[in-house]
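J.: I'd like to ask some things about the structure below.
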Amino acid sequence: MRFGFINLLRQAFAGNEGWPEQWRSPEPKAAYDAVIVGAGGHGLATAYYMAKEHGLRNIAVVERGWLGGGNTGRNTTIIRSNYLWEESQGLYEHAMKLWEGLSQDFDYNVMYSPRGVMMLAHNIHDVQVFKRHVHANRLQGIDNEWLTTEQAKAFCPILNTDPRIRYPIIGAALQRRGGVARHDAVAWGYARAASALGVDIIQNCEVTAIRRGADGAVEALETSRGTIRTKKIGVVAAGHTSVVMGMAGVRMPLESYPLQALVSEPIKPIMPCVVMSNTIHAYMSQSDKGELVIGAGTDAYTSYSQTGGLHIASHTLDAICELFPVVRRMRMLRNWGGIVDVTPDRSPIIGKTPVPGLFVNCGWGTGGFKATPGSGHVFAHTVATGEPHPINAGFTLDRFRTGRLIDEAAAAAVAH
Amino acid sequence: MLLIRCPYCEMDRPELEFRYGGEAHVARPVNPMAESDESWAEFLYMRTNPKGLHAERWRHTSGCGRFFNAIRHTVTDRFVVTYKAGEPRPEVKP
């Protein structure tokens with residue numbers, strides 16, 4: 001049922017009792033043309049674009065837990081495309097363009113809000129790096145502009161621009177088209193749209209093995225809900241990618257770390273934009289519910305614990321209190337961790353693997369949410385046609401052998 | 001905050017005294033010129049990243065300053081054993 005005016009009116013009078021389930025919960029079939037492992041935003045987007053743009057309807061998404069329950073439901077929902085290298089700019093800007101029309105595309109409000117992402121500079125190095133980004137972005141037609149301290153203060157009035165603080169703000173880079181979206185709605189919207197196109201979304205279905213034939217190509221997935229035969233598997237398992245790929249005998253250049261976030265008690269709107277600070281390691285925005293959404297860093301060591309050390313979160317709150325003195329007496333309601341898969345060059349891997357029929361989309365590290373639509377779009381092309389889309393052609397697994405790395409370490413949202 | 005036992009100081013100390021050093025027992029090539037691109041990629045970039053027992057390096061930066069190895073469970077973060085650099089990986093049960 002579409003979210004049109006007539007249906008909204010009809011349901012309003014019927015007490016909103018008549019809305020159907022937003023996606024089907026089918027039993028797994030014995031075989032599919034392709035199976036995506038992982039029903040997070042990226043996996044669901046992949047399935048959606050495979051069905052919509054490549055006409056593949058006999059496909060499934062299998063998920064160990066519930067859809068959108070991993071990093072899709074745990075991130076700080078920031079969207080931007082102000083990356084340094086051309087490959088990254090192409091990929092993230094592709095995603096940004098899809099964000100702009102996403103709610104209309106699949107008739108589900110993802111609450112995309114381009115309220116501006118401002119990255120603070122605290123020292124000369126920051127100024128030089130951010131200006132380099134501004135120029136690199138503008139050469140590619142991506143908006144990014146340099147602000148003075150006064151302009152930064154005007155854009156976000158609660159910012160502490162006192163020059164006597166430990167790390168004073170001496171400028172900022174602003175991407176006005178950057179912003180936030182409702183993370184759960186992204187997963188739900190893609191799930192609903194994919195399901196309507198015939199994609200089977202199978203939750204509570206853990207992959208336990210990947211079966212390969214005599215020629216080495218993939219043949220089937222063994223899952224907690226039985227064997228599923230398929231010639232094509234797309235692994236989109238975020239922090240658990242190394243584990244899933246290990247089932248096919250493929251070693252990955254990945255390490256999984258806990259990354260933490262926090263939200264405060266909800267208050268009236270005080271925060272008109274997203275503010276990020278790499279140097280003192282804090283970023284903050286305000287959700288439409290009124291909670292301040294705060295991103296902390298990764299732990300020093302690899303882990304699958306989905307928690308993270310308290311000192312990491314409190315270190316971020318030190319920085320938040322310095323940058324935004326107005327929030328000093330607020331209470332934090334929740335604090336959680338997600339497991340992020342980090343590559344050596346901090347760029348994702350989207351493409352083929354040494355195993356025929358096995359594709360992988362991983363390594364999004366600490367900043368995958370912003371790329372969700374673009375990632376799904378180009379990975380759908382890769383899985384459906386067997387060859388990468390021009391936009392993800394450089395993001396191969398093989399680049400760690402050839403040395404053609406896409407070194408975005410300086411562009412990451414958080415210091416690694 | 002983890003409590004980590006330094007095998008040199010023979011004391012349990014808080015995590016903040018240590019630096020993490022990544023996967024342990026990744027041997028540097030003895031003859032670099034003889035290595036292929038594949039083996040360089042394996043040495044430089046490929047990591048085991050297990051969900052379970054992980055052999056890893058730590059350095060007691062705010063203590064004795066020495067590197068040592070540990071076996072830690074990556075789901076519970078529990079340290080099973082720590083041992084001195086150069087010693088072989090001990091056989092331990094999860």
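By convention here, the chains of the structure tokens are called A, B, ... in the order presented, each chain's residues are numbered starting at 1, and ligands are numbered starting at 1 in the order presented.
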Could you make a table, as CSV, of the residues of chain A that have an atom within 8 Å of an atom of chain B, each with its nearest atom pair and distance in Å to one decimal, counting only C-alpha atoms, in chain and number order?
T.:
```
residue,atom,partner,partner_atom,distance
A:Ser242,CA,B:Asn49,CA,6.4
A:Val243,CA,B:Pro50,CA,6.8
A:Arg251,CA,B:Met46,CA,6.4
A:Met252,CA,B:Met46,CA,5.5
A:Pro253,CA,B:Met46,CA,4.1
A:Leu254,CA,B:Arg47,CA,6.2
A:Glu255,CA,B:Asn49,CA,5.5
A:Ser256,CA,B:Asn49,CA,6.7
A:Ala300,CA,B:Tyr20,CA,6.0
A:Tyr301,CA,B:Tyr20,CA,5.9
A:Thr302,CA,B:Thr74,CA,6.9
A:Ser303,CA,B:Thr74,CA,4.5
A:Tyr304,CA,B:Val75,CA,4.9
A:Ser305,CA,B:Val75,CA,4.7
A:Gly309,CA,B:Met1,CA,5.2
A:Leu310,CA,B:Met1,CA,6.7
A:His311,CA,B:Met1,CA,7.0
A:Pro344,CA,B:Tyr45,CA,6.5
A:Phe400,CA,B:Ala41,CA,5.7
A:Arg401,CA,B:Ala41,CA,5.1
A:Thr402,CA,B:Asp37,CA,7.0
```
J.: Might you pull out every residue within 12 Å of A:Glu265, with only C-alpha atoms counted and same-chain residues fewer than 2 positions away left off, and present them as a list in words?
T.: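 Counting only the stated atoms, we get Leu262, Val263, Ile267, Lys268, Gln286, Ser287, Lys289, Gly290, Glu291, Leu292, Val293, Ile294, Val327, Arg329, Met330, Arg331, Met332, Leu333, Arg334 and Asn335 of chain A.
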J.: Store the residues of this selection in a file with N, CA and C atoms, as an mmCIF file, in the first residue's frame.
T.:
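The file below, again-v4.cif, is the result:
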```
data_model
loop_
_atom_site.group_PDB
_atom_site.id
_atom_site.type_symbol
_atom_site.label_atom_id
_atom_site.label_comp_id
_atom_site.auth_asym_id
_atom_site.auth_seq_id
_atom_site.Cartn_x
_atom_site.Cartn_y
_atom_site.Cartn_z
ATOM 1 N N LEU A 262 26.663 7.828 21.432
ATOM 2 C CA LEU A 262 25.844 8.131 22.604
ATOM 3 C C LEU A 262 24.701 9.050 22.192
ATOM 4 N N VAL A 263 23.604 9.000 22.934
ATOM 5 C CA VAL A 263 22.587 10.039 22.783
ATOM 6 C C VAL A 263 22.225 10.593 24.151
ATOM 7 N N ILE A 267 15.959 17.335 24.106
ATOM 8 C CA ILE A 267 15.701 18.734 24.464
ATOM 9 C C ILE A 267 15.197 19.478 23.232
ATOM 10 N N LYS A 268 14.778 20.714 23.420
ATOM 11 C CA LYS A 268 14.325 21.538 22.295
ATOM 12 C C LYS A 268 15.483 21.780 21.332
ATOM 13 N N GLN A 286 21.703 16.890 16.232
ATOM 14 C CA GLN A 286 20.512 16.708 17.054
ATOM 15 C C GLN A 286 19.449 16.013 16.228
ATOM 16 N N SER A 287 18.889 14.953 16.787
ATOM 17 C CA SER A 287 17.866 14.220 16.048
ATOM 18 C C SER A 287 16.544 14.976 16.112
ATOM 19 N N LYS A 289 13.916 13.954 17.287
ATOM 20 C CA LYS A 289 13.314 13.705 18.602
ATOM 21 C C LYS A 289 13.871 14.660 19.652
ATOM 22 N N GLY A 290 15.007 15.290 19.340
ATOM 23 C CA GLY A 290 15.601 16.244 20.260
ATOM 24 C C GLY A 290 16.838 15.726 20.970
ATOM 25 N N GLU A 291 17.157 14.449 20.776
ATOM 26 C CA GLU A 291 18.362 13.915 21.423
ATOM 27 C C GLU A 291 19.597 14.438 20.710
ATOM 28 N N LEU A 292 20.631 14.746 21.470
ATOM 29 C CA LEU A 292 21.920 15.047 20.857
ATOM 30 C C LEU A 292 22.589 13.723 20.534
ATOM 31 N N VAL A 293 22.957 13.551 19.283
ATOM 32 C CA VAL A 293 23.576 12.309 18.826
ATOM 33 C C VAL A 293 25.076 12.559 18.730
ATOM 34 N N ILE A 294 25.845 11.808 19.494
ATOM 35 C CA ILE A 294 27.279 12.062 19.639
ATOM 36 C C ILE A 294 28.077 10.836 19.232
ATOM 37 N N VAL A 327 25.888 22.289 26.770
ATOM 38 C CA VAL A 327 25.371 20.936 27.036
ATOM 39 C C VAL A 327 26.014 20.301 28.273
ATOM 40 N N ARG A 329 25.630 20.219 31.407
ATOM 41 C CA ARG A 329 24.878 19.621 32.516
ATOM 42 C C ARG A 329 23.842 18.617 32.043
ATOM 43 N N MET A 330 23.905 18.261 30.767
ATOM 44 C CA MET A 330 22.939 17.283 30.260
ATOM 45 C C MET A 330 23.346 15.863 30.629
ATOM 46 N N ARG A 331 22.330 14.993 30.630
ATOM 47 C CA ARG A 331 22.601 13.586 30.910
ATOM 48 C C ARG A 331 22.576 12.780 29.617
ATOM 49 N N MET A 332 23.415 11.758 29.570
ATOM 50 C CA MET A 332 23.416 10.854 28.428
ATOM 51 C C MET A 332 22.447 9.711 28.727
ATOM 52 N N LEU A 333 21.583 9.419 27.750
ATOM 53 C CA LEU A 333 20.596 8.365 27.972
ATOM 54 C C LEU A 333 21.130 6.989 27.605
ATOM 55 N N ARG A 334 21.784 6.911 26.467
ATOM 56 C CA ARG A 334 22.230 5.601 25.998
ATOM 57 C C ARG A 334 23.629 5.707 25.399
ATOM 58 N N ASN A 335 24.340 4.605 25.473
ATOM 59 C CA ASN A 335 25.695 4.502 24.930
ATOM 60 C C ASN A 335 25.835 3.091 24.393
#
```
J.: Which of stretch 308-344 of chain A end up as strand (DSSP E) when DSSP is run on this backbone - answer as a list in words?
T.: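 Answer for stretch 308-344 of chain A restricted to strand (DSSP E) is Met332, Leu333, Arg334, Asn335, Trp336, Gly337, Gly338, Ile339, Val340, Asp341 and Val342 of chain A.
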J.: Can you work out the spacing between atom CA of A:Val134 and atom CA of A:Arg74 in Å, to one decimal?
T.: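 Computed distance, atom CA of A:Val134 to atom CA of A:Arg74, equals 29.1 Å.
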J.: Pick the closest to A:His54 from A:Ser25, A:Gln260, A:Gln128, A:Thr382: which is it, counting only C-alpha atoms?
T.: A:Thr382
